[in-house]
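I have placed the structure first, in the form of structure tokens, so that the comments after it can refer back to it.
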Amino acid sequence: MSTVQISASDVNKLRQQTGAGMMDCKKALTETNGDFEAAIDFLRKKGAKVAASRQDRESNEGVVIARTSEDGKRGVIIELNCETDFVAKNAEFIAFANAVANEAVQALPASVEELNNLELDTEVGRVKIGEAVITMTGKIGEKIGVSKYAVLEGEKVVAYIHGNFRLGVLVGLSANVAGADEAGKDVAMQIAAMNPAALDKGDVDATVIEREMEIAKEQIRAEGKPEAMVEKIAAGKLNKFYKDSTLLNQEFVKDSSKNVAQFLDSVEKGLTVTAFKRVALGA
């Protein structure tokens, strides 16, 4: 047992540095004879134990953060999960998610694993994101972690967050022109609302096309149409699928007289979307 007297100010100082509870801080200082560095390590280890004990818990709540670099040529989306909606709305949790996204957009790691090996600033200095997640788990008392990570690069990348951090979108445009930010946001809102399956007709997976054609043919036969007409009618249904499910061919939500491709062309001749990413919480 420690013989060092632990004052209330010492406990409060450690609490300010780590964000841990008062009783946890007092115990950490007592167990480490008042050594602040050792007490911080003690709390981090406790956090690791908390994290390990909650690995079997469901963490379907959280936030989605979309972020672009200062030059607007790259963007990332991360999904940071927790167990409850209460924690998902916590300012400290959201700030932590933003800090992770800020590091990601600078380094552009290739995977969640690489992302967790990046470092970020914390109350105890720069530590790996994976370690910071463990510490945050100990502080919050819920299982947390980055479950999804997406990256996009282009001539102009626009980020959009929808529904109180429930969904994030990145849009890559072919050029950084006047009005690109506003146009990119409009297209991002379209993607958030309409959830296109692909960018254009040629980007739809062959298996998806085959499935859509088979479904269409079965529907047509069930309606009693002559077999000679099945292929032609199915092809028409496939074109309807392209119009509904591919971004550039979708009816533009803010102006139904145009599709998305025509809207972008009206902003700047030849302007188009080169790629997009959409991440929805829990999806």
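The chains in the structure tokens are called A, B, ... from first to last as shown; in each chain the residues are counted from 1, and the ligands are counted from 1 in the order shown.
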
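The shell of residues at most 12 Å from Ala107 in chain A, with only C-alpha atoms counted and near chain neighbours (fewer than 3 positions) removed, consists of A:Thr68, A:Ser69, A:Arg74, A:Gly75, A:Val76, A:Val100, A:Ala101, A:Asn102, A:Glu103, A:Ala104, A:Ala110, A:Ser111, A:Glu114, A:Leu115, A:Asn116, A:Asn117, A:Leu118, A:Glu119, A:Leu120, A:Val151.
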
I'd like the neighbourhood of Lys201 in chain A as an mmCIF file with N, CA, C and O atoms, in the first residue's frame, where a residue qualifies if any of its atoms comes within 10 Å (using only C-alpha atoms), though same-chain residues fewer than 6 positions away should be ignored.
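Contents of around-v6.cif, as written:
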```cif
data_model
loop_
_atom_site.group_PDB
_atom_site.id
_atom_site.type_symbol
_atom_site.label_atom_id
_atom_site.label_comp_id
_atom_site.auth_asym_id
_atom_site.auth_seq_id
_atom_site.Cartn_x
_atom_site.Cartn_y
_atom_site.Cartn_z
ATOM 1 N N ILE A 209 -26.369 -6.883 -63.384
ATOM 2 C CA ILE A 209 -27.125 -6.758 -64.637
ATOM 3 C C ILE A 209 -27.843 -8.064 -64.948
ATOM 4 O O ILE A 209 -29.028 -8.073 -65.316
ATOM 5 N N ASN A 239 -32.949 -0.485 -68.732
ATOM 6 C CA ASN A 239 -32.676 0.949 -68.898
ATOM 7 C C ASN A 239 -33.305 1.755 -67.765
ATOM 8 O O ASN A 239 -32.730 2.752 -67.300
ATOM 9 N N PHE A 241 -33.684 0.598 -64.765
ATOM 10 C CA PHE A 241 -32.796 0.327 -63.630
ATOM 11 C C PHE A 241 -31.593 1.272 -63.672
ATOM 12 O O PHE A 241 -31.206 1.842 -62.646
ATOM 13 N N TYR A 242 -30.998 1.446 -64.862
ATOM 14 C CA TYR A 242 -29.858 2.364 -65.002
ATOM 15 C C TYR A 242 -30.254 3.781 -64.593
ATOM 16 O O TYR A 242 -29.501 4.483 -63.904
ATOM 17 N N LYS A 243 -31.437 4.205 -65.023
ATOM 18 C CA LYS A 243 -31.903 5.565 -64.715
ATOM 19 C C LYS A 243 -32.121 5.748 -63.217
ATOM 20 O O LYS A 243 -31.822 6.813 -62.664
ATOM 21 N N SER A 245 -30.737 3.782 -60.739
ATOM 22 C CA SER A 245 -29.698 3.269 -59.842
ATOM 23 C C SER A 245 -28.267 3.670 -60.163
ATOM 24 O O SER A 245 -27.355 3.309 -59.421
ATOM 25 N N THR A 246 -28.044 4.380 -61.264
ATOM 26 C CA THR A 246 -26.685 4.858 -61.544
ATOM 27 C C THR A 246 -26.676 6.387 -61.426
ATOM 28 O O THR A 246 -27.542 7.065 -61.986
ATOM 29 N N LEU A 247 -25.717 6.893 -60.696
ATOM 30 C CA LEU A 247 -25.711 8.295 -60.299
ATOM 31 C C LEU A 247 -25.886 9.267 -61.461
ATOM 32 O O LEU A 247 -26.752 10.144 -61.428
ATOM 33 N N LEU A 248 -25.045 9.161 -62.483
ATOM 34 C CA LEU A 248 -25.063 10.152 -63.558
ATOM 35 C C LEU A 248 -26.357 10.130 -64.358
ATOM 36 O O LEU A 248 -26.719 11.138 -64.993
ATOM 37 N N ASN A 249 -27.078 9.004 -64.316
ATOM 38 C CA ASN A 249 -28.321 8.879 -65.073
ATOM 39 C C ASN A 249 -29.563 9.125 -64.216
ATOM 40 O O ASN A 249 -30.671 9.192 -64.750
#
```

request  = Write out as an MDAnalysis selection string which residues come within 12 Å of Met136 in chain A when counting only C-alpha atoms, dropping same-chain ones fewer than 5 positions away.
outcome  = chainID A and resid 18:20 43:51 80:82 87 92:97 122:123 129:131 141:145

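Residues of range 115-164 of chain A that DSSP places in helix (DSSP H, G or I), based on the backbone of this structure, are Leu115, Asn116, Ile129, Gly130, Glu131, Ala132, Val133, Ile134, Thr135, Met136, Thr137, Gly138, Lys139 and Ile140 of chain A.
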
request  = Tell me which protein, DNA and RNA residues are within 12 Å of Val208 in chain A, counting only C-alpha atoms, leaving out same-chain ones fewer than 4 positions away, and put them as a VMD selection string.
outcome  = chain A and resid 197 to 198 201 to 204 212 to 215 238 241 to 242 245

For Glu227 in chain A, find every residue with an atom within 10 Å (counting only C-alpha atoms), except residues of its own chain fewer than 6 positions away, and show them as a compact mmCIF listing (two decimals) with N, CA, C and O atoms, in the first residue's frame.
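Output contents, as saved in part.txt:
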```
# COMPACT_ATOMS: atom_id res chain seq x y z
N LYS A 217 -37.38 -10.59 -66.73
CA LYS A 217 -37.96 -11.61 -67.62
C LYS A 217 -39.02 -12.42 -66.90
O LYS A 217 -40.07 -12.73 -67.48
N ILE A 220 -42.15 -10.34 -66.63
CA ILE A 220 -42.83 -10.21 -67.94
C ILE A 220 -43.56 -11.49 -68.29
O ILE A 220 -44.72 -11.46 -68.75
N ARG A 221 -42.93 -12.63 -68.06
CA ARG A 221 -43.58 -13.93 -68.34
C ARG A 221 -44.79 -14.12 -67.44
O ARG A 221 -45.82 -14.66 -67.87
```
